[in-house]
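Visitor: My questions will all concern the structure given below.
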There are 2 protein chains.
Amino acid sequence: METIYDKVVLTIKQYNMIEPDELVIVGVSGGPDSIAMLHILARLQKGIGFKLHVAHLDHSFRGKQAEDEAIWVKSIAESWGITCTLAKQDVSALAKEKRISTQDAGHLARKDFFLSLLEKMGAQKLALGHQANDQAETMLMHFLTGAGSEGLSGILPRQGPFIRPLLFVERAEIEKYCLDHNLDPRRDPSNEKDIYLRNKIRNQLLPWLTENINPNLINTLNRTSQIFLFQEQYLQAKTNKAALKCILQEEQGTKIILESFSKLPLALQRRLIRSAYQTVGKKQGIQFKHVEEVRELLLNKQVGKVLHLPDDIKVIKEYESVVFYRGDRHEYNVAIKKRVITVPGDIAIPEIGQIIKTGYTDRLPEEIPKNEVYLPWEEFSPPLYVRSRLEGDKFSPYGYNKSRKLKEYFIDKKIPRKIRDSIPVITDQKGIMWIAGMDFGMRVNKKSRLNKYVVIKIEKEH
Amino acid sequence: METIYDKVVLTIKQYNMIEPDELVIVGVSGGPDSIAMLHILARLQKGIGFKLHVAHLDHSFRGKQAEDEAIWVKSIAESWGITCTLAKQDVSALAKEKRISTQDAGHLARKDFFLSLLEKMGAQKLALGHQANDQAETMLMHFLTGAGSEGLSGILPRQGPFIRPLLFVERAEIEKYCLDHNLDPRRDPSNEKDIYLRNKIRNQLLPWLTENINPNLINTLNRTSQIFLFQEQYLQAKTNKAALKCILQEEQGTKIILESFSKLPLALQRRLIRSAYQTVGKKQGIQFKHVEEVRELLLNKQVGKVLHLPDDIKVIKEYESVVFYRGDRHEYNVAIKKRVITVPGDIAIPEIGQIIKTGYTDRLPEEIPKNEVYLPWEEFSPPLYVRSRLEGDKFSPYGYNKSRKLKEYFIDKKIPRKIRDSIPVITDQKGIMWIAGMDFGMRVNKKSRLNKYVVIKIEKEH
């Protein structure tokens with residue numbers, strides 16, 4: 001049987017974890033995993049020729065006891081000839097401030113501490129003490145709370161600067177190593193309690209499963225994570241390739257092109273939606289049910305429909321695409337399809353969530369609201385159309401003698417470029433009659449000789 | 001919320017389970033699942049326009065009680081206007097005979113019964129009562145005992161003639177349906193015991209997980225199975241495509257071509273090995289560790305090495321391939337690489353598991369064994385070679401005056417074509433000297449004028 005030392009050497013080699021001359025920061029809590037890892041890396045140091053530095057964060061959970069532990073970690077490191085950075089953060093306060101669990105806050109605090117130290121010291125790698133039992137727990141947790149291939153890849157052996165040399169070593173082997181080398185690690189008593197899901201899995205579920213279902217469970221789950229890790233890499237490469245054809249990143253958001261998308265197999269469609277979401281939203285924000293909702297939107301739903309996804313991301317269906325964007329729909333520059341306006345009648349413009357209502361009237365009101373316009377019957381050439389602005393559009397605003405460029409008009413009125421396409425332009429056969437909600441052409445709102453008007457009103461869709 | 005009836009209709013539609021005019025055999029144990037399924041299918045029958053027939057197998061576990069149940073199933077079916085076939089098999093005896101668990105024997109007996117009835121009646125489909133809880137149990141079982149994508153696809157909604165219309169309905173919904181429709185199903189008391197892994201998972205693990213980890217676990221695991229089902233379809237399609245380039249099915253076995261194989265991503269390499277194995281071995285025979293052994297053999301190990309896999313399958317490494325075959329290595333026609341024979345010395349020919357031993361001697365023995373040959377020192381032109389027969393090979397067997405074709409010689413000697421390549425041919429610079437273990441050329445075994453011989457011996461490798 002391989003010793004834990006041999007296993008770690010093999011893992012470092014297989015995943016190219018450490019190159020000669022690199023500076024490796026080792027995250028050391030003081031527990032068995034990180035202390036054993038530090039001991040093994042210290043033994044390996046000369047052979048490979050890298051440098052070590054220890055980083056320890058006091059979470060301010062346990063007062064004096066934790067402070068003593070920090071000093072102990074520093075003294076151990078220094079006795080092995082390794083420099084050490086100690087830091088302290090009030091993780092409970094951070095949890096309150098961010099409204100997250102103390103576990104998540106601890107994770108966040110450590111990550112920030114490690115990354116900033118990495119940058120400050122110009123280090124290449126950061127070694128973390130996750131081991132095979134952590135992996136098995138993670139796999140169980142992901143499986144039991146819902147996971148695809150990505151979740152079942154578990155904890156990654158290497159991920160950017162983070163390396164996990166102990167990932168294929170079981171806790172029992174680490175305990176034995178500590179005993180054999182008189183390492184006397186510190187034990188965090190909070191690990192013994194069933195407060196968190198992970199601890200429930202560690203202290204109750206895993207032992208029961210190992211006794212009743214599969215004595216070799218830790219190994220089995222680690223092997224499963226390896227299968228899925230490589231499968232995931234393959235599928236992600238295929239997804240990235242498909243994304244080149246299907247996904248456009250535009251100023252207005254991330255667009256999935258329906259034509260290329262609909263030709264993909266279902267498995268890739270789902271991954272592509274996830275990828276598109278992640279260009280604008282959080283990595284973990286989208287769940288399977290959301291993916292299916294977007295897929296249905298893409299393949300079936302009417303143009304203009306908007307889905308609300310987690311992390312304030314919205315998806316709007318356009319004619320040949322869906323667009324993922326963050327924030328308000330009206331900040332979003334959506335093009336309006338050209339349509340004939342029938343009078344009288346209501347025409348929905350779902351792209352912008354508005355309705356154009358038309359009718360006849362025989363009198364002009366005293367004051368005309370901004371969202372209405374009156375066209376003298378004899379002054380226009382039907383049919384009327386609604387559409388987005390076009391390159392080269394000109395019109396004669398009421399009160400002007402000559403026509404001007406619509407583009408310049410928008411600039412004068414300080415209309416942000418990104419919403420210009422979503423302003424409906426109403427035209428007849430001869431040209432622009434109304435910039436909906438804004439201004440109207442010279443042929444509009446004149447007194448009608450025939451006393452007959454077409455009235456157009458634009459309203460929000462409900 | 002959807003009723004169970006609506007869910008079943010949707011499932012049948014989504015997976016194209018039943019076409020009009022088909023004859024659907026329904027496997028009915030008499031338990032809640034199968035009775036509810038039969039009731040729902042009977043209600044659906046007219047709308048879709050298919051025919052039903054009930055099949056019930058008595059496993060001979062529970063004597064009179066089980067016989068009464070069979071009669072009860074028949075009477076229920078007939079009261080709903082559905083014909084019924086009853087059968088009985090001694091499953092315990094079958095288990096003993098096949099040396100399998102009674103659970104596996106029950107599975108086998110039902111499958112045989114269903115398939116033969118399907119054929120006899122010319123039915124198109126066979127409906128089975130697996131539901132969402134069965135699916136969750138299967139998913140857990142596969143995950144906890146080691147599974148890749150295929151295992152995590154779980155129970156398939158449709159698989160050849162087998163359909164599972166209840167697969168997305170939970171047990172509790174089925175119980176409620178039975179109650180609402182006064183179905184009064186029979187309950188098999190063996191389900192309550194913890195004898196089997198599945199029952200342990202059903203009665204202990206699932207309830208604990210649902211209470212402590214994820215109240216929505218049944219749903220979560222069913223959703224996971226759907227993710228993996230479609231991902232698996234995609235990956236299998238990619239594997240099949242890669243197999244066109246990498247896998248050859250030949251008389252001698254199934255060959256994986258190294259050159260095309262080595263260019264594939266790891267995830268496909270693993271799947272390809274599994275596929276190649278399955279062309280000669282059992283579907284479930286190969287495990288992850290075997291796949292990795294074959295992969296190592298393909299990419300690293302020496303030519304001629306043989307791996308033994310489950311179900312009496314062997315894999316031999318050739319120069320540019322590995323070959324999966326069943327049975328004995330000597331039945332298998334492997335080519336021998338051309339090598340120089342150094343004298344004295346031993347040369348292993350791992351392709352055929354034999355060793356050629358050479359040395360010098362100054363006398364001929366009285367009787368020369370079949371596996372030895374003596375070359376008079378002055379009669380041959382070194383170096384000596386060993387190789388497979390070549391197209392156009394000729395030689396002059398001892399006792400013949402003229403040379404003859406090796407091919408005709410093999411035919412005369414009735415050597416099966418499939419082993420001809422694995423017979424070592426020993427040559428010098430001028431031509432064939434010995435067909436190892438068979439016959440020798442005219443220049444061999446002559447009395448040496450110099451009283452000096454090279455002796456060549458061929459032996460099995462140990």
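Letters for chains follow the order of the structure tokens (A, B, ...), residue numbers begin at 1 for each chain, and ligand numbers begin at 1 in the order shown.
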Output as a tab-separated table one row per residue of chain A within 7 Å of chain B: the closest atom pair and its distance in Å to one decimal place, counting only C-alpha atoms, sorted by chain and residue number ascending.
Guide:
residue	atom	partner	partner_atom	distance
A:Leu144	CA	B:Leu217	CA	6.7
A:Thr145	CA	B:Asn214	CA	6.4
A:Gly146	CA	B:Thr220	CA	5.4
A:Ala147	CA	B:Thr224	CA	6.4
A:Gly148	CA	B:Thr224	CA	6.4
A:Asn214	CA	B:Thr145	CA	6.4
A:Leu217	CA	B:Leu144	CA	6.7
A:Thr220	CA	B:Gly146	CA	5.4
A:Leu221	CA	B:Gly146	CA	6.8
A:Thr224	CA	B:Gly146	CA	6.4
A:Ile227	CA	B:Gly148	CA	6.6
A:Phe230	CA	B:Ala267	CA	5.6
A:Gln231	CA	B:Ala267	CA	4.9
A:Tyr234	CA	B:Ala267	CA	6.5
A:Pro265	CA	B:Tyr234	CA	6.8
A:Leu266	CA	B:Phe230	CA	6.5
A:Ala267	CA	B:Gln231	CA	4.9
Visitor: How would the residues just chosen look if you wrote them out with all heavy atoms as a compact mmCIF listing (two decimals), in the first residue's frame?
Guide:
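Just written: selection.txt:
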# COMPACT_ATOMS: atom_id res chain seq x y z
N LEU A 144 -27.24 15.03 -2.90
CA LEU A 144 -28.50 15.02 -2.15
C LEU A 144 -29.25 16.34 -2.25
O LEU A 144 -30.44 16.39 -1.94
CB LEU A 144 -28.22 14.69 -0.67
CG LEU A 144 -27.68 13.27 -0.44
CD1 LEU A 144 -27.30 13.08 1.02
CD2 LEU A 144 -28.69 12.22 -0.87
N THR A 145 -28.58 17.40 -2.68
CA THR A 145 -29.30 18.66 -2.82
C THR A 145 -29.50 19.02 -4.30
O THR A 145 -30.04 20.07 -4.60
CB THR A 145 -28.57 19.81 -2.10
OG1 THR A 145 -27.24 19.90 -2.62
CG2 THR A 145 -28.50 19.55 -0.61
N GLY A 146 -29.07 18.11 -5.20
CA GLY A 146 -29.34 18.32 -6.61
C GLY A 146 -28.12 18.79 -7.35
O GLY A 146 -27.65 19.89 -7.14
N ALA A 147 -27.60 17.94 -8.23
CA ALA A 147 -26.37 18.30 -8.93
C ALA A 147 -26.31 17.62 -10.27
O ALA A 147 -26.77 16.50 -10.43
CB ALA A 147 -25.16 17.88 -8.11
N GLY A 148 -25.71 18.31 -11.22
CA GLY A 148 -25.39 17.70 -12.51
C GLY A 148 -23.93 17.31 -12.51
O GLY A 148 -23.31 17.16 -11.45
N ASN A 214 -21.83 0.71 1.95
CA ASN A 214 -20.59 0.52 1.19
C ASN A 214 -19.38 0.85 2.07
O ASN A 214 -19.09 2.02 2.29
CB ASN A 214 -20.64 1.41 -0.06
CG ASN A 214 -19.40 1.29 -0.92
OD1 ASN A 214 -18.44 0.58 -0.58
ND2 ASN A 214 -19.39 1.99 -2.05
N LEU A 217 -16.93 3.49 0.76
CA LEU A 217 -17.66 4.64 0.19
C LEU A 217 -16.77 5.85 -0.12
O LEU A 217 -16.95 6.49 -1.16
CB LEU A 217 -18.78 5.06 1.15
CG LEU A 217 -19.69 6.18 0.63
CD1 LEU A 217 -20.43 5.74 -0.62
CD2 LEU A 217 -20.69 6.60 1.69
N THR A 220 -15.15 5.16 -3.32
CA THR A 220 -16.14 5.15 -4.40
C THR A 220 -16.49 6.57 -4.82
O THR A 220 -16.50 6.90 -6.01
CB THR A 220 -17.43 4.44 -3.92
OG1 THR A 220 -17.10 3.10 -3.57
CG2 THR A 220 -18.50 4.44 -4.99
N LEU A 221 -16.75 7.43 -3.85
CA LEU A 221 -17.17 8.79 -4.18
C LEU A 221 -16.02 9.61 -4.78
O LEU A 221 -16.23 10.44 -5.65
CB LEU A 221 -17.76 9.49 -2.96
CG LEU A 221 -19.05 8.85 -2.43
CD1 LEU A 221 -19.59 9.64 -1.24
CD2 LEU A 221 -20.12 8.77 -3.52
N THR A 224 -15.86 8.51 -8.33
CA THR A 224 -16.95 9.13 -9.08
C THR A 224 -16.60 10.59 -9.42
O THR A 224 -16.83 11.04 -10.53
CB THR A 224 -18.25 9.08 -8.25
OG1 THR A 224 -18.53 7.72 -7.95
CG2 THR A 224 -19.42 9.66 -9.02
N ILE A 227 -14.36 10.60 -12.41
CA ILE A 227 -15.09 10.33 -13.66
C ILE A 227 -15.75 11.60 -14.16
O ILE A 227 -15.64 12.00 -15.31
CB ILE A 227 -16.16 9.23 -13.47
CG1 ILE A 227 -15.51 7.91 -13.09
CG2 ILE A 227 -17.03 9.09 -14.72
CD1 ILE A 227 -16.52 6.79 -12.82
N PHE A 230 -13.46 14.67 -15.52
CA PHE A 230 -13.00 14.60 -16.91
C PHE A 230 -14.16 14.68 -17.90
O PHE A 230 -14.03 15.24 -18.97
CB PHE A 230 -12.14 13.36 -17.12
CG PHE A 230 -10.82 13.48 -16.42
CD1 PHE A 230 -10.59 12.89 -15.19
CD2 PHE A 230 -9.82 14.26 -16.98
CE1 PHE A 230 -9.37 13.04 -14.53
CE2 PHE A 230 -8.60 14.42 -16.33
CZ PHE A 230 -8.38 13.81 -15.11
N GLN A 231 -15.29 14.10 -17.51
CA GLN A 231 -16.46 14.19 -18.36
C GLN A 231 -16.91 15.65 -18.46
O GLN A 231 -17.29 16.12 -19.53
CB GLN A 231 -17.57 13.34 -17.75
CG GLN A 231 -18.77 13.23 -18.64
CD GLN A 231 -19.69 12.13 -18.16
OE1 GLN A 231 -19.33 10.95 -18.17
NE2 GLN A 231 -20.85 12.50 -17.70
N TYR A 234 -14.77 17.60 -20.81
CA TYR A 234 -15.12 17.31 -22.20
C TYR A 234 -16.40 18.05 -22.59
O TYR A 234 -16.47 18.72 -23.63
CB TYR A 234 -15.30 15.81 -22.38
CG TYR A 234 -15.85 15.44 -23.73
CD1 TYR A 234 -15.06 15.56 -24.87
CD2 TYR A 234 -17.15 14.99 -23.87
CE1 TYR A 234 -15.56 15.25 -26.12
CE2 TYR A 234 -17.66 14.66 -25.11
CZ TYR A 234 -16.86 14.80 -26.23
OH TYR A 234 -17.37 14.48 -27.45
N PRO A 265 -28.13 19.26 -29.30
CA PRO A 265 -28.76 18.27 -28.44
C PRO A 265 -29.12 18.89 -27.08
O PRO A 265 -28.47 19.84 -26.64
CB PRO A 265 -27.70 17.19 -28.28
CG PRO A 265 -26.41 17.80 -28.70
CD PRO A 265 -26.74 18.92 -29.64
N LEU A 266 -30.15 18.32 -26.48
CA LEU A 266 -30.70 18.86 -25.23
C LEU A 266 -29.62 19.10 -24.18
O LEU A 266 -29.61 20.14 -23.51
CB LEU A 266 -31.76 17.88 -24.71
CG LEU A 266 -32.48 18.26 -23.42
CD1 LEU A 266 -33.07 19.63 -23.51
CD2 LEU A 266 -33.58 17.23 -23.13
N ALA A 267 -28.68 18.15 -24.04
CA ALA A 267 -27.66 18.28 -22.99
C ALA A 267 -26.85 19.56 -23.19
O ALA A 267 -26.53 20.26 -22.23
CB ALA A 267 -26.76 17.06 -22.98
Visitor: Using all C-alpha atoms matched in sequence order, least-squares fit chain B onto chain A and give the RMSD rounded to one decimal in Å.
Guide: 0.7 Å
Visitor: Pull the strand (DSSP E) assignments for stretch 207-444 of chain B out of DSSP run on the backbone, and list those residues as an MDAnalysis selection string.
Guide: chainID B and resid 247:250 253:257 306:309 313:317 321:326 339:341 345:349 354:361 372:376 384:387 394:395 404:405 425:427 432:435 439:440
Visitor: Mind checking DSSP for stretch 295-379 of chain B and telling me the alpha helix (DSSP H) residues as a list in words?
Guide: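 Of stretch 295-379 of chain B, the ones in alpha helix (DSSP H) are Arg295, Glu296, Leu297, Leu298 and Leu299 of chain B.
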Visitor: Go ahead and write the residues just picked, all heavy atoms, as a PDB file, in the first residue's frame.
Guide:
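Now in out-v7.pdb:
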ATOM      1  N   ARG B 295      -6.930   1.172 -20.289  1.00  0.00           N
ATOM      2  CA  ARG B 295      -6.403   2.429 -20.805  1.00  0.00           C
ATOM      3  C   ARG B 295      -4.886   2.482 -20.620  1.00  0.00           C
ATOM      4  O   ARG B 295      -4.150   2.888 -21.519  1.00  0.00           O
ATOM      5  CB  ARG B 295      -7.066   3.603 -20.076  1.00  0.00           C
ATOM      6  CG  ARG B 295      -7.244   4.837 -20.937  1.00  0.00           C
ATOM      7  CD  ARG B 295      -8.244   5.776 -20.324  1.00  0.00           C
ATOM      8  NE  ARG B 295      -7.851   6.164 -18.995  1.00  0.00           N
ATOM      9  CZ  ARG B 295      -6.937   7.104 -18.723  1.00  0.00           C
ATOM     10  NH1 ARG B 295      -6.344   7.749 -19.704  1.00  0.00           N
ATOM     11  NH2 ARG B 295      -6.638   7.399 -17.488  1.00  0.00           N
ATOM     12  N   GLU B 296      -4.431   2.003 -19.480  1.00  0.00           N
ATOM     13  CA  GLU B 296      -2.998   1.972 -19.212  1.00  0.00           C
ATOM     14  C   GLU B 296      -2.312   0.996 -20.180  1.00  0.00           C
ATOM     15  O   GLU B 296      -1.249   1.292 -20.729  1.00  0.00           O
ATOM     16  CB  GLU B 296      -2.766   1.527 -17.766  1.00  0.00           C
ATOM     17  CG  GLU B 296      -1.416   1.943 -17.225  1.00  0.00           C
ATOM     18  CD  GLU B 296      -1.046   1.133 -15.981  1.00  0.00           C
ATOM     19  OE1 GLU B 296      -1.944   0.536 -15.355  1.00  0.00           O
ATOM     20  OE2 GLU B 296       0.155   1.085 -15.670  1.00  0.00           O
ATOM     21  N   LEU B 297      -2.958  -0.157 -20.390  1.00  0.00           N
ATOM     22  CA  LEU B 297      -2.425  -1.147 -21.330  1.00  0.00           C
ATOM     23  C   LEU B 297      -2.268  -0.529 -22.715  1.00  0.00           C
ATOM     24  O   LEU B 297      -1.238  -0.669 -23.378  1.00  0.00           O
ATOM     25  CB  LEU B 297      -3.376  -2.353 -21.389  1.00  0.00           C
ATOM     26  CG  LEU B 297      -2.988  -3.492 -22.322  1.00  0.00           C
ATOM     27  CD1 LEU B 297      -1.853  -4.294 -21.713  1.00  0.00           C
ATOM     28  CD2 LEU B 297      -4.180  -4.413 -22.595  1.00  0.00           C
ATOM     29  N   LEU B 298      -3.320   0.177 -23.139  1.00  0.00           N
ATOM     30  CA  LEU B 298      -3.312   0.776 -24.472  1.00  0.00           C
ATOM     31  C   LEU B 298      -2.206   1.808 -24.620  1.00  0.00           C
ATOM     32  O   LEU B 298      -1.527   1.881 -25.638  1.00  0.00           O
ATOM     33  CB  LEU B 298      -4.656   1.464 -24.704  1.00  0.00           C
ATOM     34  CG  LEU B 298      -5.547   0.867 -25.764  1.00  0.00           C
ATOM     35  CD1 LEU B 298      -6.961   1.354 -25.587  1.00  0.00           C
ATOM     36  CD2 LEU B 298      -5.070   1.194 -27.172  1.00  0.00           C
ATOM     37  N   LEU B 299      -2.041   2.619 -23.590  1.00  0.00           N
ATOM     38  CA  LEU B 299      -1.162   3.774 -23.737  1.00  0.00           C
ATOM     39  C   LEU B 299       0.276   3.494 -23.314  1.00  0.00           C
ATOM     40  O   LEU B 299       1.189   4.157 -23.783  1.00  0.00           O
ATOM     41  CB  LEU B 299      -1.729   4.964 -22.960  1.00  0.00           C
ATOM     42  CG  LEU B 299      -3.142   5.406 -23.408  1.00  0.00           C
ATOM     43  CD1 LEU B 299      -3.673   6.504 -22.521  1.00  0.00           C
ATOM     44  CD2 LEU B 299      -3.145   5.855 -24.863  1.00  0.00           C
TER      45      LEU B 299
END
Visitor: Which is closest to B:Gly304 among B:Val8, B:Val455, B:Ile256, B:Val334, if we use only C-alpha atoms?
Guide: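 Answer, going by the shortest atom-to-atom distance: B:Val334.
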Visitor: List the spatial neighbours of B:Glu69 as a tab-separated table (two decimals) with N, CA, C and O atoms, in the first residue's frame - criterion: any atom at most 9 Å away, only C-alpha atoms, same-chain residues fewer than 4 positions off excluded.
Guide:
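The result, written out as out-v3.tsv:
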chain	number	residue	atom	x	y	z
B	29	SER	N	-48.33	-6.83	-10.14
B	29	SER	CA	-48.02	-7.68	-8.99
B	29	SER	C	-49.23	-7.74	-8.07
B	29	SER	O	-49.44	-8.72	-7.36
B	30	GLY	N	-50.03	-6.69	-8.11
B	30	GLY	CA	-51.16	-6.57	-7.19
B	30	GLY	C	-50.91	-5.48	-6.16
B	30	GLY	O	-51.80	-5.11	-5.40
B	58	ASP	N	-46.65	-15.47	-10.17
B	58	ASP	CA	-46.54	-15.90	-8.77
B	58	ASP	C	-45.14	-16.45	-8.56
B	58	ASP	O	-44.72	-17.39	-9.24
B	64	LYS	N	-50.36	-20.31	-0.46
B	64	LYS	CA	-51.78	-20.04	-0.68
B	64	LYS	C	-52.06	-18.54	-0.82
B	64	LYS	O	-52.83	-18.12	-1.70
B	65	GLN	N	-51.44	-17.75	0.04
B	65	GLN	CA	-51.67	-16.30	0.01
B	65	GLN	C	-51.41	-15.73	-1.38
B	65	GLN	O	-52.19	-14.93	-1.91
B	73	VAL	N	-55.98	-10.59	-8.71
B	73	VAL	CA	-55.52	-9.74	-9.83
B	73	VAL	C	-56.34	-10.04	-11.07
B	73	VAL	O	-56.82	-9.12	-11.76
B	74	LYS	N	-56.54	-11.31	-11.33
B	74	LYS	CA	-57.30	-11.72	-12.53
B	74	LYS	C	-58.73	-11.18	-12.46
B	74	LYS	O	-59.24	-10.65	-13.45
B	186	ARG	N	-52.93	-5.27	-2.86
B	186	ARG	CA	-52.31	-6.25	-1.98
B	186	ARG	C	-50.91	-5.77	-1.64
B	186	ARG	O	-50.24	-5.14	-2.46
Visitor: Which polymer residues have any atom within 10 Å of an atom of A:Glu379, counting only C-alpha atoms, with same-chain residues fewer than 2 positions away left out, as a list in words?
Guide: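 Skipping anything fewer than 2 positions along the chain leaves Leu375, Pro376, Trp377, Ser381, Pro382, Met442, Arg443, Val444, Asn445, Lys446, Ser448, Arg449 and Tyr453 of chain A.
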Visitor: Could you list, as a list in words, every residue within 12 Å of B:Ala87, counting only C-alpha atoms and ignoring same-chain residues fewer than 2 positions away?
Guide: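 Once the nearby chain positions are removed, what remains is Gly27, Val28, Ser29, Val54, Ala55, His56, Leu57, Asp58, His59, Ser60, Ala66, Glu67, Ala70, Ile71, Val73, Lys74, Cys84, Thr85, Gln89, Asp90, Val91, Ala109, Arg110, Asp112, Phe113, Phe114, Ser116 and Leu117 of chain B.
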Visitor: Could you pull the residues within 9 Å of B:Ala276, counting only C-alpha atoms, minus those fewer than 3 positions along the same chain, as JSON, numbers by chain?
Guide: {"B": [243, 247, 248, 249, 254, 255, 256, 271, 272, 273, 279, 280, 281, 323, 324]}
Visitor: Report, in Å with one decimal, the straight-line distance from atom CA of B:Ile435 to atom CA of B:Asp346.
Guide: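 One can read the atom CA of B:Ile435 to atom CA of B:Asp346 distance as 17.8 Å.
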